[in-house]
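Right, one structure below, let's go through it.
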Amino acid sequence: MVAADLEGPYELAVRRADLGLRVHWCVLPFRVLLVLTSHRGIQMYESDGSTMVYWHALDSGDATPVQAVFARGIAASGHFICVGTWSGRVLVFDIPAKGPNIVLSEELAGHQTPITDIATESAQGQDCVADMVTADDSGLLCVWRSGPEFTLLTRIPGFGVPCPSVQLWQGIIAAGYGNGQVHLYEATTGNLHVQINAHARAISALDLAPEAGKLLSAAEDSFVHIWKLSRSPESSYIEAAPLL
Amino acid sequence: MSVRTLPLLFLNLGGEMLYILDQRLRAQNIPGDKARRDEWTELDRKRVLNDIISTMFNRKFMEELFKPQELYSKKALRTIYERLAHASIMKLNQASMDKLYDLMTMAFKYQVLLCPRPKDVLLVTFNHLDTIKGFIRDSPTILQQVDETFRQLIEIYGGLSAGEFQLIRQTLLIFFQDLHIRVSMFLKDKVQNNNGRFVLPVSGPVPWGTELPGLIRMFNNNGEEVKRIEFKHGGNYVRAPKEGSFELYGDRVLKLGTNMYSVNRPVETHMSGSSKNLASWTQESIAPNPLAKEELNFLARLMGGMEIKKPSGPEPGFRLNLFTSDEEEEQAALTRPEELSYEVINIQATQDQQRRDELARIMGEFEITEQPSLSTSKGDDLLAMMDEL
């Protein structure tokens, strides 16, 4: 478990509460990196936190004076680490098996508003399978296939509320929204199959237990719910049932 | 962090300050004909509120306020309110000012926390402004100033997205983090627990735009509903009756931000028992703040925009006590935990309107009893001067 406080890479420790500060273990084929995002940039550490292997300063070039600049949303996909930014662009970093030779290989365009969350799933050897979903403040979801170049497969439009959290499991996209709803979409088609009126306030986070197919939703209404995800045996449509 | 948060923070805290001052002035009210020279009358109360409100909504000040900028520390903001509170014939001792600031901040923290939607913080602001307009009903010029600010709020915030309001909400909550002062009124109403944390209600109307929790709908590939499950949610929510109005006039629907003080309810704050989270609080107040210089510049700019009317003639300063007796006030000053003091420097700036714009001139009005030591840069001058007061 990691608790994070803000410290710039070459600065004195300044305790200053920061927005968009996220921490994530990125499990890659040959190593695990600890990634931190903040309003200054992206830091990547060896998994024991001992050495910083990479620092990427955020480019605030096109930001207007009223826009907040930050990075938010971290996920590992194959040997890539993807990080979302305030502009909607998703940075894709190519990570070598060891050492600090990390390279920014691509910037994905697909979103116009700040990224909130990114979810990935290993492709399991199939072709043309979606293995990454990115979400933003407008509620828009973009579905990607990773590779030397990432391909945008589908877009699932928002409906006026942010999507703070997204998960991907066996081709099912689970998205939690600012109006307390959880939606389940088929990743290949982008079709909505399940709509849960789950909470009375904005959803803060979703988490998934992949072995058990259980989804957890936590929201600002102080409740936590657990849902069982499955596919109907006849139609293979996605279904959900409340457990807690 | 959102750079559009300061106006909302300032106006709502200012509104709470006015509610409290109004209540205290009414509580200490003496009928005009029976009043001694040093006692408050109804006329005095109106005058104090008018003076503070017109200073708050001064055009130059509002212009500075609405510029996109980061939030500053609680200490820096307190200095502004101290100056604002003294924009009239009223005087407050340190202990009363501390208590006032504590009440203001806890009240607004409560309101932000309980906002159903992030956008509702705008309705809270409008509630404050509506009540402020009630205070100055009889003064058309000040009323116009307030309406002008109202229109600016609608223009700037009316079009923001839900995501942007969520960022504003988070920025505000970070500002209030670790603040757990117990307020007797909140404790009595059971909206605050004994550890200073607020109670999140799990009943009442859902936010506008949110469905009642408890339903799962499943669809086929054509978007047709094929199955539904209902489940018990755990809360006791009802539908939202209607949306509050974001216009200049209208029913805000939301009660947060309306005046919760009435004449008969004395409001106290409890210092003991707030010490549980002292570790984090202490860290904030003791660690040298590298942004100190910027904060002072910001303060100077804002205060430069404040037009403080020069009191004509030898007016006695009317002292307002936020406690129920002078002895209590003294006692509060002595027993306030060190860690919770604001370490505020009293700025005794005289009010010469022509010279208010320039930073150096404002600072030059301080009484410096000894020669300031040589400092290396312009920014350090400012800090050095403040230190020597």
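Quick note on naming: the chains in the structure tokens go A, B, ... in the order shown, residues restart at 1 in each chain, and ligands are numbered from 1 in order of appearance.
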
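Residues in contact with Ile115 in chain A at up to 9 Å, not including ones fewer than 3 positions away on its chain and judged by only C-alpha atoms, are Ala71, Arg72, Gly73, Val83, Gly84, Thr85, Trp86, Ser87, Gly88, Arg89, Val90, His111, Gln112, Ile118, Thr134, Ala135, Asp136, Asp137 and Pro164 of chain A.
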
Could you take the residues named above and write them with all heavy atoms, as a CSV table (one decimal), in the first residue's frame?
chain,number,residue,atom,x,y,z
A,71,ALA,N,-1.6,16.0,-14.4
A,71,ALA,CA,-1.7,14.6,-15.0
A,71,ALA,C,-2.6,13.8,-14.1
A,71,ALA,O,-2.5,13.9,-12.9
A,71,ALA,CB,-0.3,14.0,-15.1
A,72,ARG,N,-3.4,12.9,-14.7
A,72,ARG,CA,-4.3,12.1,-13.9
A,72,ARG,C,-4.7,10.9,-14.7
A,72,ARG,O,-5.0,11.0,-15.9
A,72,ARG,CB,-5.6,13.0,-13.6
A,72,ARG,CG,-6.6,12.3,-12.7
A,72,ARG,CD,-7.6,13.2,-12.2
A,72,ARG,NE,-8.4,13.8,-13.3
A,72,ARG,CZ,-9.4,14.7,-13.2
A,72,ARG,NH1,-9.6,15.2,-12.0
A,72,ARG,NH2,-10.0,15.1,-14.2
A,73,GLY,N,-4.7,9.7,-14.1
A,73,GLY,CA,-5.1,8.5,-14.8
A,73,GLY,C,-3.8,7.8,-15.2
A,73,GLY,O,-3.1,8.3,-16.0
A,83,VAL,N,-0.5,7.6,-19.3
A,83,VAL,CA,-0.9,8.6,-18.3
A,83,VAL,C,-1.8,9.7,-19.0
A,83,VAL,O,-1.4,10.2,-20.0
A,83,VAL,CB,0.3,9.3,-17.7
A,83,VAL,CG1,-0.1,10.2,-16.6
A,83,VAL,CG2,1.3,8.2,-17.1
A,84,GLY,N,-2.9,10.0,-18.3
A,84,GLY,CA,-3.8,11.0,-18.9
A,84,GLY,C,-3.4,12.4,-18.5
A,84,GLY,O,-2.6,12.6,-17.5
A,85,THR,N,-3.8,13.4,-19.2
A,85,THR,CA,-3.5,14.8,-18.8
A,85,THR,C,-4.7,15.7,-18.9
A,85,THR,O,-5.8,15.3,-19.3
A,85,THR,CB,-2.4,15.4,-19.8
A,85,THR,OG1,-3.1,15.5,-21.1
A,85,THR,CG2,-1.2,14.6,-19.9
A,86,TRP,N,-4.5,17.0,-18.4
A,86,TRP,CA,-5.5,18.0,-18.3
A,86,TRP,C,-6.1,18.3,-19.6
A,86,TRP,O,-7.2,18.8,-19.7
A,86,TRP,CB,-4.9,19.2,-17.6
A,86,TRP,CG,-3.8,19.8,-18.4
A,86,TRP,CD1,-2.5,19.3,-18.4
A,86,TRP,CD2,-3.8,20.7,-19.5
A,86,TRP,NE1,-1.7,20.0,-19.3
A,86,TRP,CE2,-2.5,20.9,-20.0
A,86,TRP,CE3,-4.8,21.5,-20.0
A,86,TRP,CZ2,-2.2,21.7,-21.0
A,86,TRP,CZ3,-4.5,22.4,-21.0
A,86,TRP,CH2,-3.2,22.5,-21.5
A,87,SER,N,-5.3,18.2,-20.7
A,87,SER,CA,-5.8,18.6,-22.0
A,87,SER,C,-6.7,17.6,-22.7
A,87,SER,O,-7.3,17.8,-23.7
A,87,SER,CB,-4.6,18.9,-22.9
A,87,SER,OG,-3.9,17.7,-23.1
A,88,GLY,N,-6.7,16.3,-22.1
A,88,GLY,CA,-7.4,15.2,-22.8
A,88,GLY,C,-6.4,14.3,-23.5
A,88,GLY,O,-6.8,13.2,-23.9
A,89,ARG,N,-5.2,14.8,-23.7
A,89,ARG,CA,-4.2,13.9,-24.4
A,89,ARG,C,-3.8,12.8,-23.4
A,89,ARG,O,-3.6,13.0,-22.2
A,89,ARG,CB,-3.1,14.7,-24.9
A,89,ARG,CG,-3.1,14.8,-26.4
A,89,ARG,CD,-2.1,15.8,-26.9
A,89,ARG,NE,-2.5,17.2,-26.6
A,89,ARG,CZ,-1.7,18.2,-26.7
A,89,ARG,NH1,-0.5,18.0,-27.1
A,89,ARG,NH2,-2.2,19.4,-26.4
A,90,VAL,N,-3.5,11.6,-24.0
A,90,VAL,CA,-3.0,10.5,-23.2
A,90,VAL,C,-1.6,10.2,-23.6
A,90,VAL,O,-1.3,10.0,-24.8
A,90,VAL,CB,-3.9,9.2,-23.4
A,90,VAL,CG1,-3.3,8.0,-22.6
A,90,VAL,CG2,-5.3,9.5,-23.0
A,111,HIS,N,-9.7,12.8,-26.6
A,111,HIS,CA,-10.5,13.5,-25.6
A,111,HIS,C,-10.2,15.0,-25.7
A,111,HIS,O,-9.1,15.4,-26.0
A,111,HIS,CB,-10.1,13.1,-24.2
A,111,HIS,CG,-10.5,11.6,-23.9
A,111,HIS,ND1,-11.7,11.3,-23.4
A,111,HIS,CD2,-9.8,10.5,-24.0
A,111,HIS,CE1,-11.8,10.0,-23.2
A,111,HIS,NE2,-10.6,9.5,-23.6
A,112,GLN,N,-11.2,15.8,-25.4
A,112,GLN,CA,-11.0,17.3,-25.3
A,112,GLN,C,-11.1,17.9,-23.9
A,112,GLN,O,-10.8,19.0,-23.7
A,112,GLN,CB,-12.2,18.1,-26.1
A,112,GLN,CG,-12.5,17.7,-27.5
A,112,GLN,CD,-11.4,17.4,-28.4
A,112,GLN,OE1,-11.3,16.4,-29.0
A,112,GLN,NE2,-10.4,18.3,-28.5
A,118,ILE,N,-7.9,5.7,-16.4
A,118,ILE,CA,-7.6,4.8,-17.5
A,118,ILE,C,-7.7,3.4,-17.0
A,118,ILE,O,-7.2,3.1,-15.9
A,118,ILE,CB,-6.2,5.0,-18.1
A,118,ILE,CG1,-6.0,6.5,-18.4
A,118,ILE,CG2,-5.9,4.2,-19.3
A,118,ILE,CD1,-4.6,6.8,-19.0
A,134,THR,N,-10.2,4.9,-21.8
A,134,THR,CA,-9.9,6.1,-21.2
A,134,THR,C,-11.1,6.9,-20.9
A,134,THR,O,-12.1,6.8,-21.8
A,134,THR,CB,-8.9,7.0,-22.0
A,134,THR,OG1,-9.5,7.1,-23.4
A,134,THR,CG2,-7.5,6.3,-22.1
A,135,ALA,N,-11.2,7.6,-19.8
A,135,ALA,CA,-12.4,8.4,-19.5
A,135,ALA,C,-12.1,9.8,-19.2
A,135,ALA,O,-10.9,10.1,-18.8
A,135,ALA,CB,-13.1,7.7,-18.3
A,136,ASP,N,-13.0,10.7,-19.3
A,136,ASP,CA,-12.7,12.1,-19.1
A,136,ASP,C,-13.8,12.8,-18.3
A,136,ASP,O,-14.9,12.2,-18.0
A,136,ASP,CB,-12.4,12.9,-20.4
A,136,ASP,CG,-13.5,13.1,-21.3
A,136,ASP,OD1,-14.7,13.1,-20.8
A,136,ASP,OD2,-13.3,13.4,-22.5
A,137,ASP,N,-13.6,14.1,-18.1
A,137,ASP,CA,-14.5,15.0,-17.3
A,137,ASP,C,-15.9,15.2,-17.9
A,137,ASP,O,-16.8,15.6,-17.3
A,137,ASP,CB,-13.9,16.4,-17.1
A,137,ASP,CG,-13.3,16.5,-15.7
A,137,ASP,OD1,-13.4,15.6,-14.9
A,137,ASP,OD2,-12.7,17.6,-15.4
A,164,PRO,N,-15.6,9.7,-13.3
A,164,PRO,CA,-14.4,9.7,-12.5
A,164,PRO,C,-13.6,8.3,-12.4
A,164,PRO,O,-12.5,8.3,-12.1
A,164,PRO,CB,-14.9,10.0,-11.0
A,164,PRO,CG,-16.3,10.4,-11.2
A,164,PRO,CD,-16.8,9.8,-12.4

Contacts between range 138-160 of chain B and range 107-175 of chain A, please, where a residue of range 107-175 of chain A counts if it comes within 12 Å (with only C-alpha atoms); show its shortest atom pair and distance in Å to one decimal, rows by chain and ascending number, as JSON lines.
{"residue": "A:Asp137", "atom": "CA", "partner": "B:Leu160", "partner_atom": "CA", "distance": 11.8}
{"residue": "A:Ser138", "atom": "CA", "partner": "B:Leu160", "partner_atom": "CA", "distance": 11.4}
{"residue": "A:Gly160", "atom": "CA", "partner": "B:Leu160", "partner_atom": "CA", "distance": 11.3}
{"residue": "A:Val161", "atom": "CA", "partner": "B:Leu160", "partner_atom": "CA", "distance": 11.8}

>> I want to know what sits within 7 Å of Ala75 in chain A, based on only C-alpha atoms, with residues of the same chain fewer than 3 positions away left out; could you give that as a list in words?
In response: Cys26, Ile81, Cys82, Val83, Ile118, Ala119 and Thr120 of chain A

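Distance criterion 6 Å to chain A, applied with only C-alpha atoms, yields B:Met1, B:Ser2, B:Val3, B:Pro68, B:Ala162, B:Gly163, B:Val206, B:Thr210, B:Pro213, B:Gly214, B:Leu215, B:Ile216, B:Arg217, B:Met218, B:Phe219 on chain B.
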
Those same residues - N, CA, C and O atoms - I'd like them written as a tab-separated table (two decimals), in the first residue's frame.
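Dumped to out-v5.tsv:
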chain	number	residue	atom	x	y	z
B	1	MET	N	-5.34	22.26	-9.23
B	1	MET	CA	-6.24	23.11	-8.45
B	1	MET	C	-6.95	24.07	-9.39
B	1	MET	O	-6.34	24.58	-10.32
B	2	SER	N	-8.19	24.34	-9.09
B	2	SER	CA	-8.90	25.28	-9.93
B	2	SER	C	-8.49	26.70	-9.59
B	2	SER	O	-8.34	27.05	-8.42
B	3	VAL	N	-8.29	27.53	-10.61
B	3	VAL	CA	-7.91	28.93	-10.36
B	3	VAL	C	-9.11	29.84	-10.34
B	3	VAL	O	-8.99	31.06	-10.42
B	68	PRO	N	-8.04	35.04	-12.38
B	68	PRO	CA	-7.72	33.63	-12.14
B	68	PRO	C	-6.47	33.54	-11.27
B	68	PRO	O	-5.44	34.11	-11.60
B	162	ALA	N	-19.80	20.28	-15.36
B	162	ALA	CA	-19.84	19.55	-14.09
B	162	ALA	C	-18.43	19.18	-13.65
B	162	ALA	O	-18.10	19.21	-12.47
B	163	GLY	N	-17.58	18.84	-14.61
B	163	GLY	CA	-16.20	18.47	-14.30
B	163	GLY	C	-15.43	19.63	-13.69
B	163	GLY	O	-14.65	19.47	-12.74
B	206	VAL	N	-32.37	13.53	-3.57
B	206	VAL	CA	-31.16	13.27	-4.34
B	206	VAL	C	-30.83	14.56	-5.12
B	206	VAL	O	-31.70	15.40	-5.29
B	210	THR	N	-29.86	13.30	-10.59
B	210	THR	CA	-29.52	11.95	-10.13
B	210	THR	C	-30.79	11.15	-9.94
B	210	THR	O	-31.77	11.65	-9.43
B	213	PRO	N	-31.36	5.78	-6.12
B	213	PRO	CA	-30.65	4.49	-6.18
B	213	PRO	C	-31.59	3.34	-5.88
B	213	PRO	O	-32.55	3.50	-5.15
B	214	GLY	N	-31.29	2.17	-6.46
B	214	GLY	CA	-32.10	0.99	-6.17
B	214	GLY	C	-32.57	0.22	-7.38
B	214	GLY	O	-33.34	-0.72	-7.24
B	215	LEU	N	-32.10	0.60	-8.57
B	215	LEU	CA	-32.62	-0.07	-9.77
B	215	LEU	C	-31.48	-0.48	-10.70
B	215	LEU	O	-30.57	0.29	-10.94
B	216	ILE	N	-31.55	-1.71	-11.23
B	216	ILE	CA	-30.63	-2.16	-12.27
B	216	ILE	C	-31.45	-2.47	-13.51
B	216	ILE	O	-32.42	-3.22	-13.44
B	217	ARG	N	-31.06	-1.86	-14.64
B	217	ARG	CA	-31.76	-2.15	-15.90
B	217	ARG	C	-30.78	-2.80	-16.87
B	217	ARG	O	-29.64	-2.36	-16.98
B	218	MET	N	-31.24	-3.83	-17.57
B	218	MET	CA	-30.37	-4.50	-18.53
B	218	MET	C	-30.96	-4.45	-19.93
B	218	MET	O	-32.18	-4.56	-20.09
B	219	PHE	N	-30.10	-4.24	-20.93
B	219	PHE	CA	-30.56	-3.99	-22.30
B	219	PHE	C	-29.96	-4.97	-23.29
B	219	PHE	O	-28.88	-5.53	-23.06

> What does the distance between CA of Gly209 in chain B and CA of Leu71 in chain B come to in Å, to one decimal place?
Replying inline: 29.6 Å

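Each of B:Leu84, B:Leu100, B:Ile136, B:Val191 was checked against Leu320 in chain B using only C-alpha atoms; the smallest atom-to-atom distance is that of B:Leu100.
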
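Note that the spacing between CA of Glu82 in chain B and CA of Gln94 in chain B amounts to 9.4 Å.
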